[in-house]
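Working notes for the structure below.
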Amino acid sequence: MSKPSISQSAGRHFLTDRIRLEVDWRRTAQSRGIAPPPAQKPAPEGATLIPLPDRESWAIPPCDLEEAIARRESRRRFLPSPLSREELAFLLWSTQGVRARLHEAAVLRTVPSAGCRHPFETYLAIFRVEGLAPGLYRYLPLDHALLLEQTPDQLSARVVAAARGQGFA
């Protein structure tokens, strides 16, 4: 079987139902008994973790899902006020947070992953969050904490350039 090149058509090919006929799913790492990756990339020895507010302390008002979907709209202009740490904590928990630990290698998160393997790490370019210096951070979902990775020079300009000149990024 030849593999399609990486392109828009290749992506469409992958998303079709034909893929199930072309892949031997019995040969996946999980099917072969290979241990899943760690639930979280470890923090460097001696690193200082920045704890985030936990769910019990949030004052985030509830929102009906149907209403949220109906009210959703794209925005390119944002308020100049910084995001609160509580709001950041809620957003991170909502997108990659841990709901429960089943055992060392199995963690139930707020988002699905086949076989509880969650092969992601969440990195943030932070510019305006109360109490946090601008920089590149990594979210540690098991600890519900942040780890400051870097404070590169001209981070804002570099992010705007990476976003093809879109200053709101």
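Labels for the structure tokens follow display order: chains A, B, ..., residues from 1 in each chain, ligands from 1.
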
(request) Could you find all residues in chain A that DSSP calls alpha helix (DSSP H) from the backbone, and write them as JSON, numbers by chain? (result) {"A": [8, 9, 10, 11, 12, 13, 14, 15, 19, 20, 21, 22, 65, 66, 67, 68, 69, 70, 71, 85, 86, 87, 88, 89, 90, 91, 92, 93, 94, 95, 96, 155, 156, 157, 158, 159, 160, 161, 162]}

(request) Tell me which protein, DNA and RNA residues are within 9 Å of Gly167 (chain A), counting only C-alpha atoms, leaving out same-chain ones fewer than 5 positions away, and put them as a list in words. (result)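 With the cut-off at 9 Å, the set is Arg76, Ser156, Ala157, Val159, Val160 and Ala161 of chain A.
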
Sort by chain and increasing residue number a table of all residues of region 10-85 of chain A within 12 Å of region 109-133 of chain A, each with its closest pair of atoms and their distance in Å to one decimal, counting only C-alpha atoms, and write it as JSON lines.
```
{"residue": "A:Thr28", "atom": "CA", "partner": "A:Gly115", "partner_atom": "CA", "distance": 11.1}
{"residue": "A:Ala29", "atom": "CA", "partner": "A:Gly115", "partner_atom": "CA", "distance": 10.5}
{"residue": "A:Gln30", "atom": "CA", "partner": "A:Gly115", "partner_atom": "CA", "distance": 7.4}
{"residue": "A:Ser31", "atom": "CA", "partner": "A:Gly115", "partner_atom": "CA", "distance": 9.9}
{"residue": "A:Gly33", "atom": "CA", "partner": "A:Gly115", "partner_atom": "CA", "distance": 11.4}
{"residue": "A:Ile34", "atom": "CA", "partner": "A:Arg117", "partner_atom": "CA", "distance": 11.1}
{"residue": "A:Ala35", "atom": "CA", "partner": "A:Arg117", "partner_atom": "CA", "distance": 9.2}
{"residue": "A:Pro36", "atom": "CA", "partner": "A:Arg117", "partner_atom": "CA", "distance": 5.7}
{"residue": "A:Pro37", "atom": "CA", "partner": "A:Arg117", "partner_atom": "CA", "distance": 6.5}
{"residue": "A:Pro38", "atom": "CA", "partner": "A:Arg117", "partner_atom": "CA", "distance": 8.2}
{"residue": "A:Ala39", "atom": "CA", "partner": "A:His118", "partner_atom": "CA", "distance": 7.0}
{"residue": "A:Gln40", "atom": "CA", "partner": "A:Glu121", "partner_atom": "CA", "distance": 7.4}
{"residue": "A:Lys41", "atom": "CA", "partner": "A:Glu121", "partner_atom": "CA", "distance": 7.4}
{"residue": "A:Pro42", "atom": "CA", "partner": "A:Glu121", "partner_atom": "CA", "distance": 10.7}
{"residue": "A:Ala43", "atom": "CA", "partner": "A:Glu121", "partner_atom": "CA", "distance": 11.9}
{"residue": "A:Ile50", "atom": "CA", "partner": "A:Leu132", "partner_atom": "CA", "distance": 9.1}
{"residue": "A:Pro51", "atom": "CA", "partner": "A:Leu132", "partner_atom": "CA", "distance": 11.2}
{"residue": "A:Leu52", "atom": "CA", "partner": "A:Gly131", "partner_atom": "CA", "distance": 10.9}
{"residue": "A:Phe78", "atom": "CA", "partner": "A:Arg128", "partner_atom": "CA", "distance": 11.4}
{"residue": "A:Leu79", "atom": "CA", "partner": "A:Arg128", "partner_atom": "CA", "distance": 10.7}
{"residue": "A:Pro80", "atom": "CA", "partner": "A:Arg128", "partner_atom": "CA", "distance": 8.7}
{"residue": "A:Ser81", "atom": "CA", "partner": "A:Arg128", "partner_atom": "CA", "distance": 7.8}
{"residue": "A:Pro82", "atom": "CA", "partner": "A:Arg128", "partner_atom": "CA", "distance": 4.7}
{"residue": "A:Leu83", "atom": "CA", "partner": "A:Val129", "partner_atom": "CA", "distance": 4.6}
{"residue": "A:Ser84", "atom": "CA", "partner": "A:Glu130", "partner_atom": "CA", "distance": 5.2}
{"residue": "A:Arg85", "atom": "CA", "partner": "A:Glu130", "partner_atom": "CA", "distance": 6.0}
```

(message) Between CA of Val107 (chain A) and CA of Pro141 (chain A), what distance in Å does the model show, to one decimal?
(response) 9.9 Å

(message) Residues near Ala47 (chain A), anyone? I mean within 12 Å using only C-alpha atoms, not counting same-chain ones fewer than 3 positions away, as number ranges by chain.
(response) A: 42-44, 50, 138, 145-149

Residue subset to file, keeping N, CA, C and O atoms, as a short mmCIF file (atom, residue, chain, number, x, y, z; two decimals), in the first residue's frame:
```cif
data_model
loop_
_atom_site.label_atom_id
_atom_site.label_comp_id
_atom_site.auth_asym_id
_atom_site.auth_seq_id
_atom_site.Cartn_x
_atom_site.Cartn_y
_atom_site.Cartn_z
N PRO A 42 7.42 14.68 32.41
CA PRO A 42 7.88 15.12 33.73
C PRO A 42 8.51 16.51 33.70
O PRO A 42 9.10 16.92 32.71
N ALA A 43 8.36 17.20 34.81
CA ALA A 43 9.02 18.50 34.98
C ALA A 43 10.49 18.25 35.31
O ALA A 43 10.83 17.23 35.93
N PRO A 44 11.37 19.14 34.90
CA PRO A 44 12.78 18.97 35.24
C PRO A 44 12.99 18.93 36.76
O PRO A 44 12.23 19.54 37.52
N ILE A 50 3.97 26.31 39.21
CA ILE A 50 3.08 27.42 39.54
C ILE A 50 1.68 26.84 39.66
O ILE A 50 1.05 26.52 38.65
N ARG A 138 4.33 25.45 30.12
CA ARG A 138 3.76 24.13 29.83
C ARG A 138 2.76 23.81 30.93
O ARG A 138 3.04 24.02 32.11
N ALA A 145 -0.98 22.61 37.20
CA ALA A 145 0.01 23.66 37.45
C ALA A 145 0.69 24.03 36.14
O ALA A 145 0.57 23.33 35.14
N LEU A 146 1.40 25.14 36.18
CA LEU A 146 2.19 25.59 35.04
C LEU A 146 3.67 25.47 35.36
O LEU A 146 4.07 25.57 36.52
N LEU A 147 4.44 25.29 34.32
CA LEU A 147 5.89 25.27 34.42
C LEU A 147 6.41 26.31 33.43
O LEU A 147 6.10 26.24 32.23
N LEU A 148 7.16 27.29 33.92
CA LEU A 148 7.75 28.28 33.02
C LEU A 148 8.89 27.60 32.27
O LEU A 148 9.84 27.12 32.86
N GLU A 149 8.76 27.54 30.95
CA GLU A 149 9.76 26.89 30.11
C GLU A 149 10.83 27.87 29.64
O GLU A 149 12.01 27.57 29.69
#
```

(request) Kindly give the distance, in Å, that separates CA of Cys63 (chain A) and CA of Gly97 (chain A), rounded to a single decimal. (result)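 Taking CA of Cys63 (chain A) and CA of Gly97 (chain A), their separation equals 18.2 Å.
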
(message) As an exercise, work out the distance from CA of Trp93 (chain A) to CA of Leu65 (chain A) in Å and give it to one decimal place.
(response) 16.6 Å

(message) Quick one: residues within 8 Å of Leu108 (chain A), only C-alpha atoms, excluding same-chain residues fewer than 6 positions away - as a VMD selection string?
(response) chain A and resid 98 to 102 116

(request) Rank A:Ala163, A:Leu136, A:Ala59, A:Ala169 by their smallest atom-to-atom distance to Phe90 (chain A), using only C-alpha atoms, and report the top residue only. (result)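 Among the listed residues, A:Ala59 lies closest to Phe90 (chain A).
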
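With distances restricted to only C-alpha atoms, A:Ser94 is the closest residue to Asp54 (chain A) from A:Arg18, A:Arg75, A:Ile69, A:Ser94.
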